[in-house]
Structures are given as structure tokens and as C-alpha cells.
$ cat start_23.pdb   # PDB, C-alpha atoms and all ligand atoms
ATOM      1  CA  LYS A  37     213.295  94.992  97.106
ATOM      2  CA  LYS A  38     211.384  94.493 100.337
ATOM      3  CA  TYR A  39     208.887  97.205 101.130
ATOM      4  CA  LYS A  40     208.461  98.133 104.794
ATOM      5  CA  ILE A  41     204.849  98.486 105.827
ATOM      6  CA  ALA A  42     203.947 100.257 109.064
ATOM      7  CA  VAL A  43     200.721  98.834 110.469
ATOM      8  CA  ILE A  44     198.631 101.237 112.550
ATOM      9  CA  VAL A  45     195.751  99.885 114.632
ATOM     10  CA  GLY A  46     193.230 102.326 116.087
ATOM     11  CA  SER A  47     192.176 100.166 119.041
ATOM     12  CA  LEU A  48     194.240  99.782 122.194
ATOM     13  CA  ARG A  49     192.397  96.861 123.759
ATOM     14  CA  LYS A  50     194.094  93.464 124.009
ATOM     15  CA  GLU A  51     191.258  91.499 122.418
ATOM     16  CA  SER A  52     190.701  94.040 119.646
ATOM     17  CA  PHE A  53     189.119  92.619 116.488
ATOM     18  CA  ASN A  54     191.051  95.222 114.519
ATOM     19  CA  LEU A  55     194.302  93.942 116.017
ATOM     20  CA  LYS A  56     193.326  90.332 115.316
ATOM     21  CA  THR A  57     192.511  91.214 111.715
ATOM     22  CA  ALA A  58     195.785  93.130 111.414
ATOM     23  CA  LYS A  59     197.746  90.106 112.642
ATOM     24  CA  GLU A  60     195.992  87.815 110.163
ATOM     25  CA  MET A  61     196.747  90.185 107.295
ATOM     26  CA  MET A  62     200.362  90.643 108.387
ATOM     27  CA  ALA A  63     200.737  86.846 108.357
ATOM     28  CA  MET A  64     199.337  86.627 104.821
ATOM     29  CA  ALA A  65     201.354  89.535 103.425
ATOM     30  CA  PRO A  66     203.090  88.734 100.120
ATOM     31  CA  ASP A  67     206.866  88.126 100.313
ATOM     32  CA  SER A  68     207.814  91.567  99.037
ATOM     33  CA  LEU A  69     206.203  93.266 102.048
ATOM     34  CA  SER A  70     207.635  93.253 105.564
ATOM     35  CA  THR A  71     205.162  94.483 108.137
ATOM     36  CA  GLU A  72     205.654  96.085 111.546
ATOM     37  CA  LEU A  73     203.027  97.102 114.059
ATOM     38  CA  LEU A  74     203.447 100.695 115.239
ATOM     39  CA  ASP A  75     202.718 101.273 118.918
ATOM     40  CA  ILE A  76     200.478 104.307 119.366
ATOM     41  CA  SER A  77     199.298 103.393 122.880
ATOM     42  CA  GLY A  78     201.758 105.607 124.748
ATOM     43  CA  LEU A  79     201.486 108.775 122.659
ATOM     44  CA  SER A  80     200.711 111.845 124.693
ATOM     45  CA  TRP A  81     197.980 114.068 123.326
ATOM     46  CA  PHE A  82     199.017 116.360 120.567
ATOM     47  CA  ASN A  83     199.478 119.868 121.903
ATOM     48  CA  GLU A  84     201.105 122.669 119.940
ATOM     49  CA  ASP A  85     202.703 123.935 123.131
ATOM     50  CA  LEU A  86     204.901 120.812 123.175
ATOM     51  CA  GLU A  87     206.103 121.160 119.588
ATOM     52  CA  GLU A  88     209.295 123.005 120.374
ATOM     53  CA  ASN A  89     210.384 120.244 122.753
ATOM     54  CA  PRO A  90     208.471 117.202 121.526
ATOM     55  CA  PRO A  91     207.933 114.141 123.765
ATOM     56  CA  LYS A  92     210.330 111.386 122.738
ATOM     57  CA  GLU A  93     207.524 108.992 121.775
ATOM     58  CA  TRP A  94     206.313 111.542 119.207
ATOM     59  CA  VAL A  95     209.780 111.622 117.685
ATOM     60  CA  THR A  96     210.008 107.814 117.654
ATOM     61  CA  LEU A  97     206.638 107.517 115.933
ATOM     62  CA  ARG A  98     207.616 110.088 113.312
ATOM     63  CA  GLU A  99     210.884 108.263 112.596
ATOM     64  CA  LYS A 100     209.092 104.944 112.198
ATOM     65  CA  ILE A 101     206.612 106.466 109.781
ATOM     66  CA  GLN A 102     209.414 108.074 107.768
ATOM     67  CA  ASP A 103     211.225 104.751 107.649
ATOM     68  CA  ALA A 104     208.193 102.954 106.153
ATOM     69  CA  ASP A 105     207.524 102.570 102.421
ATOM     70  CA  GLY A 106     203.799 102.078 102.965
ATOM     71  CA  LEU A 107     201.058 102.161 105.591
ATOM     72  CA  LEU A 108     198.235  99.846 106.526
ATOM     73  CA  PHE A 109     195.542 101.300 108.779
ATOM     74  CA  PHE A 110     192.992  99.353 110.803
ATOM     75  CA  THR A 111     190.231 101.358 112.372
ATOM     76  CA  PRO A 112     187.333 100.605 114.663
ATOM     77  CA  GLU A 113     184.348 102.884 114.390
ATOM     78  CA  TYR A 114     183.600 104.985 117.476
ATOM     79  CA  ASN A 115     180.399 106.997 117.127
ATOM     80  CA  ARG A 116     180.611 106.828 113.338
ATOM     81  CA  SER A 117     184.178 108.145 113.227
ATOM     82  CA  VAL A 118     187.764 107.146 114.035
ATOM     83  CA  PRO A 119     188.826 106.640 117.664
ATOM     84  CA  GLY A 120     190.623 109.610 119.217
ATOM     85  CA  VAL A 121     193.841 107.617 119.655
ATOM     86  CA  LEU A 122     194.093 107.079 115.916
ATOM     87  CA  LYS A 123     193.334 110.689 115.051
ATOM     88  CA  ASN A 124     195.906 111.746 117.633
ATOM     89  CA  ALA A 125     198.542 109.552 115.983
ATOM     90  CA  ILE A 126     197.752 111.081 112.591
ATOM     91  CA  ASP A 127     198.063 114.567 114.067
ATOM     92  CA  VAL A 128     201.361 113.781 115.812
ATOM     93  CA  GLY A 129     202.784 112.280 112.598
ATOM     94  CA  SER A 130     201.731 115.285 110.535
ATOM     95  CA  ARG A 131     203.776 117.811 112.494
ATOM     96  CA  PRO A 132     205.821 119.977 112.927
ATOM     97  CA  TYR A 133     204.430 122.140 110.154
ATOM     98  CA  GLY A 134     206.258 121.412 106.908
ATOM     99  CA  GLU A 135     207.632 118.088 108.200
ATOM    100  CA  ASN A 136     204.676 115.785 107.678
ATOM    101  CA  SER A 137     206.006 112.248 108.166
ATOM    102  CA  TRP A 138     203.072 110.652 106.318
ATOM    103  CA  ASP A 139     203.779 112.576 103.122
ATOM    104  CA  GLY A 140     203.452 110.431  99.990
ATOM    105  CA  LYS A 141     203.333 106.995 101.673
ATOM    106  CA  PRO A 142     200.898 104.660  99.887
ATOM    107  CA  ALA A 143     198.273 103.249 102.243
ATOM    108  CA  GLY A 144     195.418 100.850 102.722
ATOM    109  CA  VAL A 145     192.453 101.357 105.052
ATOM    110  CA  VAL A 146     190.589  98.493 106.709
ATOM    111  CA  SER A 147     187.672  99.062 109.074
ATOM    112  CA  VAL A 148     186.597  96.300 111.443
ATOM    113  CA  SER A 149     183.405  96.482 113.463
ATOM    114  CA  ILE A 150     181.040  94.221 115.371
ATOM    115  CA  GLY A 151     178.201  96.002 113.591
ATOM    116  CA  ALA A 152     176.616  95.512 110.187
ATOM    117  CA  ILE A 153     177.691  98.867 108.749
ATOM    118  CA  SER A 154     181.260  97.593 109.166
ATOM    119  CA  GLY A 155     182.914 100.821 110.174
ATOM    120  CA  PHE A 156     182.021 102.630 106.962
ATOM    121  CA  GLY A 157     181.874 106.013 108.732
ATOM    122  CA  ALA A 158     185.276 105.569 110.366
ATOM    123  CA  ASN A 159     186.795 104.211 107.160
ATOM    124  CA  HIS A 160     185.798 107.326 105.241
ATOM    125  CA  HIS A 161     186.608 109.820 107.985
ATOM    126  CA  LEU A 162     190.072 108.285 108.046
ATOM    127  CA  ARG A 163     190.345 108.647 104.267
ATOM    128  CA  GLN A 164     189.426 112.330 104.635
ATOM    129  CA  SER A 165     192.394 112.960 106.943
ATOM    130  CA  LEU A 166     194.693 110.878 104.740
ATOM    131  CA  VAL A 167     193.918 113.105 101.758
ATOM    132  CA  PHE A 168     195.100 116.112 103.715
ATOM    133  CA  VAL A 169     198.346 114.486 104.904
ATOM    134  CA  ASN A 170     198.991 113.507 101.262
ATOM    135  CA  VAL A 171     198.704 109.751 101.662
ATOM    136  CA  PRO A 172     197.625 108.053  98.413
ATOM    137  CA  THR A 173     195.075 105.555  99.718
ATOM    138  CA  MET A 174     194.083 102.491  97.696
ATOM    139  CA  ALA A 175     190.541 102.913  96.389
ATOM    140  CA  GLN A 176     189.691  99.294  95.538
ATOM    141  CA  PRO A 177     189.156  96.822  96.961
ATOM    142  CA  GLU A 178     187.570  98.575  99.928
ATOM    143  CA  ALA A 179     187.741  96.620 103.186
ATOM    144  CA  TYR A 180     184.744  96.807 105.497
ATOM    145  CA  ILE A 181     184.844  93.888 107.924
ATOM    146  CA  GLY A 182     181.524  93.654 109.794
ATOM    147  CA  GLY A 183     180.126  91.202 112.325
ATOM    148  CA  ALA A 184     183.668  90.822 113.648
ATOM    149  CA  ALA A 185     182.596  89.115 116.874
ATOM    150  CA  GLU A 186     181.597  86.053 114.823
ATOM    151  CA  LEU A 187     184.762  85.754 112.722
ATOM    152  CA  PHE A 188     187.387  84.578 115.236
ATOM    153  CA  ASP A 189     187.877  81.538 117.472
ATOM    154  CA  ASP A 190     188.903  81.619 121.151
ATOM    155  CA  ASN A 191     192.573  81.856 120.202
ATOM    156  CA  GLY A 192     191.955  84.975 118.138
ATOM    157  CA  LYS A 193     192.358  83.129 114.832
ATOM    158  CA  LEU A 194     190.182  83.982 111.870
ATOM    159  CA  THR A 195     187.892  81.042 111.140
ATOM    160  CA  ASN A 196     185.667  82.487 108.428
ATOM    161  CA  GLU A 197     186.940  81.161 105.079
ATOM    162  CA  SER A 198     185.354  83.750 102.806
ATOM    163  CA  THR A 199     186.782  86.555 104.963
ATOM    164  CA  LYS A 200     190.198  84.887 104.750
ATOM    165  CA  ASP A 201     189.963  84.736 100.962
ATOM    166  CA  PHE A 202     188.931  88.362 100.805
ATOM    167  CA  LEU A 203     191.787  89.511 103.048
ATOM    168  CA  LYS A 204     194.259  87.601 100.888
ATOM    169  CA  THR A 205     192.911  89.256  97.750
ATOM    170  CA  TYR A 206     193.153  92.587  99.531
ATOM    171  CA  MET A 207     196.818  92.033 100.445
ATOM    172  CA  GLU A 208     197.674  91.108  96.851
ATOM    173  CA  ALA A 209     196.087  94.340  95.604
ATOM    174  CA  PHE A 210     197.798  96.296  98.380
ATOM    175  CA  GLU A 211     201.181  94.862  97.355
ATOM    176  CA  LYS A 212     200.636  96.193  93.812
ATOM    177  CA  TRP A 213     199.508  99.538  95.203
ATOM    178  CA  VAL A 214     202.688  99.851  97.248
ATOM    179  CA  HIS A 215     204.947  98.773  94.388
ATOM    180  CA  THR A 216     203.364 101.332  92.085
ATOM    181  CA  ASN A 217     203.272 104.244  94.509
ATOM    182  CA  ALA A 218     206.198 103.864  96.937
ATOM    183  CA  LYS A 219     209.024 106.370  96.526
TER
HETATM  184  C1  LIG B 301     181.621 101.548 119.517
HETATM  185  N1  LIG B 301     181.217 100.617 118.565
HETATM  186  C2  LIG B 301     180.689 101.076 117.360
HETATM  187  N2  LIG B 301     180.510 100.210 116.295
HETATM  188  C3  LIG B 301     180.057 100.678 115.102
HETATM  189  O1  LIG B 301     179.923  99.909 114.160
HETATM  190  N3  LIG B 301     179.771 102.001 114.937
HETATM  191  C4  LIG B 301     179.928 102.918 115.926
HETATM  192  O2  LIG B 301     179.678 104.095 115.720
HETATM  193  C5  LIG B 301     180.385 102.448 117.188
HETATM  194  N4  LIG B 301     180.583 103.315 118.237
HETATM  195  C6  LIG B 301     181.297 102.916 119.338
HETATM  196  C7  LIG B 301     181.715 103.867 120.274
HETATM  197  C8  LIG B 301     182.511 103.498 121.338
HETATM  198  C9  LIG B 301     183.017 104.545 122.298
HETATM  199  C10 LIG B 301     182.860 102.126 121.514
HETATM  200  C11 LIG B 301     183.748 101.696 122.660
HETATM  201  C12 LIG B 301     182.415 101.189 120.619
HETATM  202  C13 LIG B 301     181.438  99.171 118.765
HETATM  203  C14 LIG B 301     182.748  98.725 118.139
HETATM  204  O3  LIG B 301     182.507  98.294 116.812
HETATM  205  C15 LIG B 301     183.329  97.551 118.938
HETATM  206  O4  LIG B 301     183.577  97.950 120.257
HETATM  207  C16 LIG B 301     184.572  96.982 118.305
HETATM  208  O5  LIG B 301     184.879  95.744 118.922
HETATM  209  C17 LIG B 301     185.749  97.949 118.446
HETATM  210  O6  LIG B 301     186.877  97.506 117.742
HETATM  211  P1  LIG B 301     188.039  96.625 118.428
HETATM  212  O7  LIG B 301     188.404  97.265 119.736
HETATM  213  O8  LIG B 301     187.447  95.252 118.638
HETATM  214  O9  LIG B 301     189.141  96.612 117.440
END
$ encode --input "start_23.pdb" --output "C-alpha cells"
Amino acid sequence: KKYKIAVIVGSLRKESFNLKTAKEMMAMAPDSLSTELLDISGLSWFNEDLEENPPKEWVTLREKIQDADGLLFFTPEYNRSVPGVLKNAIDVGSRPYGENSWDGKPAGVVSVSIGAISGFGANHHLRQSLVFVNVPTMAQPEAYIGGAAELFDDNGKLTNESTKDFLKTYMEAFEKWVHTNAK
């Protein structure tokens, strides 16, 4: 069986290091995983007033989450937490009440930062929300990718060999995590 993995990137900018890392990891995914990037750039802000008549992009996002067997999150760190766009996507996917689309999907969390603390704060804030939406998140290996501005060439390709090796190891562990925990 092929497991569908929805990839969610918490940065909207074109040259995002999180996006570049996501693309590298999607390219090195083991054969049993098929990966698809979810677009969260056009999501309107979550607002309970809209729940009765939800914007169509909320519905599309929810369907794509439901269709996935697993989730792979990439988060920048903004002021020691997750960017608002990513939190908004989690909130949209968690509703309406009693119809949480994230429910039970095994996940991985990768934080990518230009700093030395490597997005630790964002990584763990994200894990906090994932506990509540009942997403079993892989504990080990943890993925904190720091100094991201030095890891890629001008074409956005990862050039750092030890980072490449680590990301490959991570994807192999993530494959096992998905196989064990997917419904
Ligand atoms: C940052 N950045 C940042 N980095 C970090 O390690 N810890 C932090 O708390 C913050 N805070 C922060 C706030 C805001 C509003 C911005 C725009 C940036 C820097 C951040 O790591 C850097 O911009 C990354 O390049 C963002 O990830 P992408 O967009 O490259 O994926």
C-alpha cells in the first residue's frame, strides 16, 4: 500500500528554507510514501461566524487532510512560536466541532530556522496543538534544522551532506511511524 502524506509548510514566502527542506524531504521519501504539498496560502482567517457557511478553501483543505494517511509539518519560528498562517490552518482543519479532520493522522514535525536554536520553540508549540487535535506525532528523531541560510545553494538545493544524511534517516523513521500508526 502507498501511504498519502500531506505536507504542510508554515511559511508562505517563495524562497522559504522550510519549503526548500520540505521539497528535499519529499524527494527522498521512501517508495511507500506519496507526498503532496497542501496549499494554505489562500485560507481566510478562521472565524466562528463563518462556520455555518464555510469558505470553499476551508472545505478543500479539510478534504485533503481527511484524504491523507499521514502528515508532515514544516515550521519556521516566529517570535518563538509557530507562524499565524500555520496555526490558522490547524484551527480551520480542526473544525467544525466534532469533525476534526486531523484526528488520528500520524505526523512528523520539522522546524527550520536561520538561527542556532533551530526553531525549538515553534517545534514544541506545534506539538502542543497537535496533542489537542489528536495527532500522534513522532517523538524521535526530532528534527531541528538550524543555520538554514548556509545549507542551500543558489538553486535552492541542499548542499550540506550531513544534513542530507540526517533528513534521509528521518524519512526512514517517519515511514515506519506512518506504517505503524496509520488507520
Ligand atoms: C523570525 N525569525 C526567527 N527565527 C528564530 O529562530 N526564532 C524566532 O523567534 C524568529 N522570529 C521571527 C519572527 C518573524 C516575524 C520573522 C519574519 C522571522 C527568523 C526566521 O528564522 C527566518 O525568517 C526564516 O528564514 C523563516 O523561515 P522560512 O520563511 O525561510 O521558511
$ closest_atom_pairs --input "start_23.pdb" --of "chain A" --to "ligand LIG 301 (chain B)" --cutoff "12 Å" --atoms "all atoms listed in the file" --output "Markdown table"
| residue | atom | partner | partner_atom | distance |
| --- | --- | --- | --- | --- |
| A:Ile44 | CA | B:LIG301 | O9 | 11.6 |
| A:Val45 | CA | B:LIG301 | O9 | 7.9 |
| A:Gly46 | CA | B:LIG301 | O9 | 7.2 |
| A:Ser47 | CA | B:LIG301 | O7 | 4.8 |
| A:Leu48 | CA | B:LIG301 | O7 | 6.8 |
| A:Arg49 | CA | B:LIG301 | O7 | 5.7 |
| A:Lys50 | CA | B:LIG301 | O7 | 8.1 |
| A:Glu51 | CA | B:LIG301 | O8 | 6.5 |
| A:Ser52 | CA | B:LIG301 | O8 | 3.6 |
| A:Phe53 | CA | B:LIG301 | O8 | 3.8 |
| A:Asn54 | CA | B:LIG301 | O9 | 3.8 |
| A:Leu55 | CA | B:LIG301 | O9 | 6.0 |
| A:Lys56 | CA | B:LIG301 | O9 | 7.8 |
| A:Thr57 | CA | B:LIG301 | O9 | 8.6 |
| A:Ala58 | CA | B:LIG301 | O9 | 9.6 |
| A:Lys59 | CA | B:LIG301 | O9 | 11.8 |
| A:Phe109 | CA | B:LIG301 | O9 | 11.7 |
| A:Phe110 | CA | B:LIG301 | O9 | 8.1 |
| A:Thr111 | CA | B:LIG301 | O9 | 7.0 |
| A:Pro112 | CA | B:LIG301 | O6 | 4.4 |
| A:Glu113 | CA | B:LIG301 | C4 | 4.7 |
| A:Tyr114 | CA | B:LIG301 | N4 | 3.5 |
| A:Asn115 | CA | B:LIG301 | O2 | 3.3 |
| A:Arg116 | CA | B:LIG301 | O2 | 3.7 |
| A:Ser117 | CA | B:LIG301 | O2 | 6.5 |
| A:Val118 | CA | B:LIG301 | O2 | 8.8 |
| A:Pro119 | CA | B:LIG301 | C9 | 7.7 |
| A:Gly120 | CA | B:LIG301 | C9 | 9.6 |
| A:Val121 | CA | B:LIG301 | C9 | 11.6 |
| A:Leu122 | CA | B:LIG301 | O9 | 11.7 |
| A:Val146 | CA | B:LIG301 | O9 | 11.0 |
| A:Ser147 | CA | B:LIG301 | O9 | 8.8 |
| A:Val148 | CA | B:LIG301 | O6 | 6.4 |
| A:Ser149 | CA | B:LIG301 | O3 | 3.9 |
| A:Ile150 | CA | B:LIG301 | O3 | 4.6 |
| A:Gly151 | CA | B:LIG301 | O1 | 4.3 |
| A:Ala152 | CA | B:LIG301 | O1 | 6.8 |
| A:Ile153 | CA | B:LIG301 | O1 | 5.9 |
| A:Ser154 | CA | B:LIG301 | O1 | 5.7 |
| A:Gly155 | CA | B:LIG301 | O1 | 5.1 |
| A:Phe156 | CA | B:LIG301 | O1 | 8.0 |
| A:Gly157 | CA | B:LIG301 | O2 | 7.6 |
| A:Ala158 | CA | B:LIG301 | O2 | 7.9 |
| A:Asn159 | CA | B:LIG301 | N3 | 10.7 |
| A:His161 | CA | B:LIG301 | O2 | 11.9 |
| A:Tyr180 | CA | B:LIG301 | O1 | 10.4 |
| A:Ile181 | CA | B:LIG301 | O1 | 10.0 |
| A:Gly182 | CA | B:LIG301 | O1 | 7.8 |
| A:Gly183 | CA | B:LIG301 | O3 | 8.7 |
| A:Ala184 | CA | B:LIG301 | O5 | 7.3 |
| A:Ala185 | CA | B:LIG301 | O5 | 7.3 |
| A:Glu186 | CA | B:LIG301 | O5 | 11.0 |
| A:Leu187 | CA | B:LIG301 | O8 | 11.5 |
| A:Phe188 | CA | B:LIG301 | O8 | 11.2 |
| A:Gly192 | CA | B:LIG301 | O8 | 11.2 |
$ write_last_selection --input "start_23.pdb" --atoms "C-alpha atoms" --output "mmCIF file, in the coordinates of the input"
data_model
loop_
_atom_site.group_PDB
_atom_site.id
_atom_site.type_symbol
_atom_site.label_atom_id
_atom_site.label_comp_id
_atom_site.auth_asym_id
_atom_site.auth_seq_id
_atom_site.Cartn_x
_atom_site.Cartn_y
_atom_site.Cartn_z
ATOM 1 C CA ILE A 44 198.631 101.237 112.550
ATOM 2 C CA VAL A 45 195.751 99.885 114.632
ATOM 3 C CA GLY A 46 193.230 102.326 116.087
ATOM 4 C CA SER A 47 192.176 100.166 119.041
ATOM 5 C CA LEU A 48 194.240 99.782 122.194
ATOM 6 C CA ARG A 49 192.397 96.861 123.759
ATOM 7 C CA LYS A 50 194.094 93.464 124.009
ATOM 8 C CA GLU A 51 191.258 91.499 122.418
ATOM 9 C CA SER A 52 190.701 94.040 119.646
ATOM 10 C CA PHE A 53 189.119 92.619 116.488
ATOM 11 C CA ASN A 54 191.051 95.222 114.519
ATOM 12 C CA LEU A 55 194.302 93.942 116.017
ATOM 13 C CA LYS A 56 193.326 90.332 115.316
ATOM 14 C CA THR A 57 192.511 91.214 111.715
ATOM 15 C CA ALA A 58 195.785 93.130 111.414
ATOM 16 C CA LYS A 59 197.746 90.106 112.642
ATOM 17 C CA PHE A 109 195.542 101.300 108.779
ATOM 18 C CA PHE A 110 192.992 99.353 110.803
ATOM 19 C CA THR A 111 190.231 101.358 112.372
ATOM 20 C CA PRO A 112 187.333 100.605 114.663
ATOM 21 C CA GLU A 113 184.348 102.884 114.390
ATOM 22 C CA TYR A 114 183.600 104.985 117.476
ATOM 23 C CA ASN A 115 180.399 106.997 117.127
ATOM 24 C CA ARG A 116 180.611 106.828 113.338
ATOM 25 C CA SER A 117 184.178 108.145 113.227
ATOM 26 C CA VAL A 118 187.764 107.146 114.035
ATOM 27 C CA PRO A 119 188.826 106.640 117.664
ATOM 28 C CA GLY A 120 190.623 109.610 119.217
ATOM 29 C CA VAL A 121 193.841 107.617 119.655
ATOM 30 C CA LEU A 122 194.093 107.079 115.916
ATOM 31 C CA VAL A 146 190.589 98.493 106.709
ATOM 32 C CA SER A 147 187.672 99.062 109.074
ATOM 33 C CA VAL A 148 186.597 96.300 111.443
ATOM 34 C CA SER A 149 183.405 96.482 113.463
ATOM 35 C CA ILE A 150 181.040 94.221 115.371
ATOM 36 C CA GLY A 151 178.201 96.002 113.591
ATOM 37 C CA ALA A 152 176.616 95.512 110.187
ATOM 38 C CA ILE A 153 177.691 98.867 108.749
ATOM 39 C CA SER A 154 181.260 97.593 109.166
ATOM 40 C CA GLY A 155 182.914 100.821 110.174
ATOM 41 C CA PHE A 156 182.021 102.630 106.962
ATOM 42 C CA GLY A 157 181.874 106.013 108.732
ATOM 43 C CA ALA A 158 185.276 105.569 110.366
ATOM 44 C CA ASN A 159 186.795 104.211 107.160
ATOM 45 C CA HIS A 161 186.608 109.820 107.985
ATOM 46 C CA TYR A 180 184.744 96.807 105.497
ATOM 47 C CA ILE A 181 184.844 93.888 107.924
ATOM 48 C CA GLY A 182 181.524 93.654 109.794
ATOM 49 C CA GLY A 183 180.126 91.202 112.325
ATOM 50 C CA ALA A 184 183.668 90.822 113.648
ATOM 51 C CA ALA A 185 182.596 89.115 116.874
ATOM 52 C CA GLU A 186 181.597 86.053 114.823
ATOM 53 C CA LEU A 187 184.762 85.754 112.722
ATOM 54 C CA PHE A 188 187.387 84.578 115.236
ATOM 55 C CA GLY A 192 191.955 84.975 118.138
#
$ residues_around --input "start_23.pdb" --residues "range 63-73 of chain A" --least-positions-apart "4" --cutoff "8 Å" --atoms "only C-alpha atoms" --output "list in words"
Lys37, Lys38, Tyr39, Lys40, Ile41, Ala42, Val43, Ile44, Val45, Lys59, Lys204, Met207, Glu208 and Glu211 of chain A
$ atom_distance --input "start_23.pdb" --atom1 "CA of Pro172 in chain A" --atom2 "CA of Pro142 in chain A"
4.9 Å
$ residues_around --input "start_23.pdb" --residues "Arg98 in chain A" --least-positions-apart "6" --cutoff "8 Å" --atoms "only C-alpha atoms" --output "PyMOL selection string"
chain A and resi 128-129+137
$ atom_distance --input "start_23.pdb" --atom1 "CA of Ala125 in chain A" --atom2 "CA of Leu194 in chain A"
27.2 Å
$ closest_residue --input "start_23.pdb" --among "A:Val145, A:Leu166, A:Leu108, A:Ile101" --to "Lys123 in chain A" --atoms "all atoms listed in the file"
A:Leu166
$ decode --input "start_23.pdb" --residues "range 201-216 of chain A" --atoms "N, CA and C atoms" --output "PDB file, in the first residue's frame"
ATOM      1  N   ASP A 201      22.053  13.431   5.071  1.00  0.00           N
ATOM      2  CA  ASP A 201      22.025  12.112   5.713  1.00  0.00           C
ATOM      3  C   ASP A 201      20.991  12.076   6.831  1.00  0.00           C
ATOM      4  N   PHE A 202      20.970  13.151   7.615  1.00  0.00           N
ATOM      5  CA  PHE A 202      20.023  13.202   8.720  1.00  0.00           C
ATOM      6  C   PHE A 202      18.582  13.166   8.202  1.00  0.00           C
ATOM      7  N   LEU A 203      18.313  13.965   7.169  1.00  0.00           N
ATOM      8  CA  LEU A 203      16.935  14.033   6.651  1.00  0.00           C
ATOM      9  C   LEU A 203      16.490  12.680   6.087  1.00  0.00           C
ATOM     10  N   LYS A 204      17.435  11.954   5.505  1.00  0.00           N
ATOM     11  CA  LYS A 204      17.133  10.629   4.978  1.00  0.00           C
ATOM     12  C   LYS A 204      16.781   9.672   6.126  1.00  0.00           C
ATOM     13  N   THR A 205      17.588   9.715   7.164  1.00  0.00           N
ATOM     14  CA  THR A 205      17.318   8.898   8.350  1.00  0.00           C
ATOM     15  C   THR A 205      15.946   9.245   8.923  1.00  0.00           C
ATOM     16  N   TYR A 206      15.660  10.546   8.948  1.00  0.00           N
ATOM     17  CA  TYR A 206      14.377  11.000   9.471  1.00  0.00           C
ATOM     18  C   TYR A 206      13.229  10.402   8.649  1.00  0.00           C
ATOM     19  N   MET A 207      13.345  10.458   7.323  1.00  0.00           N
ATOM     20  CA  MET A 207      12.263   9.961   6.466  1.00  0.00           C
ATOM     21  C   MET A 207      12.072   8.448   6.627  1.00  0.00           C
ATOM     22  N   GLU A 208      13.150   7.729   6.871  1.00  0.00           N
ATOM     23  CA  GLU A 208      13.021   6.280   7.084  1.00  0.00           C
ATOM     24  C   GLU A 208      12.265   5.999   8.390  1.00  0.00           C
ATOM     25  N   ALA A 209      12.577   6.778   9.423  1.00  0.00           N
ATOM     26  CA  ALA A 209      11.859   6.611  10.698  1.00  0.00           C
ATOM     27  C   ALA A 209      10.395   7.036  10.544  1.00  0.00           C
ATOM     28  N   PHE A 210      10.185   8.100   9.794  1.00  0.00           N
ATOM     29  CA  PHE A 210       8.819   8.601   9.579  1.00  0.00           C
ATOM     30  C   PHE A 210       7.983   7.564   8.821  1.00  0.00           C
ATOM     31  N   GLU A 211       8.587   6.901   7.849  1.00  0.00           N
ATOM     32  CA  GLU A 211       7.877   5.845   7.115  1.00  0.00           C
ATOM     33  C   GLU A 211       7.379   4.774   8.094  1.00  0.00           C
ATOM     34  N   LYS A 212       8.245   4.345   9.004  1.00  0.00           N
ATOM     35  CA  LYS A 212       7.855   3.325   9.990  1.00  0.00           C
ATOM     36  C   LYS A 212       6.726   3.850  10.876  1.00  0.00           C
ATOM     37  N   TRP A 213       6.867   5.110  11.271  1.00  0.00           N
ATOM     38  CA  TRP A 213       5.855   5.734  12.133  1.00  0.00           C
ATOM     39  C   TRP A 213       4.483   5.711  11.457  1.00  0.00           C
ATOM     40  N   VAL A 214       4.473   6.044  10.173  1.00  0.00           N
ATOM     41  CA  VAL A 214       3.213   6.071   9.432  1.00  0.00           C
ATOM     42  C   VAL A 214       2.656   4.661   9.286  1.00  0.00           C
ATOM     43  N   HIS A 215       3.515   3.726   8.921  1.00  0.00           N
ATOM     44  CA  HIS A 215       3.053   2.336   8.753  1.00  0.00           C
ATOM     45  C   HIS A 215       2.434   1.808  10.048  1.00  0.00           C
ATOM     46  N   THR A 216       3.044   2.144  11.165  1.00  0.00           N
ATOM     47  CA  THR A 216       2.573   1.618  12.442  1.00  0.00           C
ATOM     48  C   THR A 216       1.282   2.299  12.900  1.00  0.00           C
TER      49      THR A 216
END
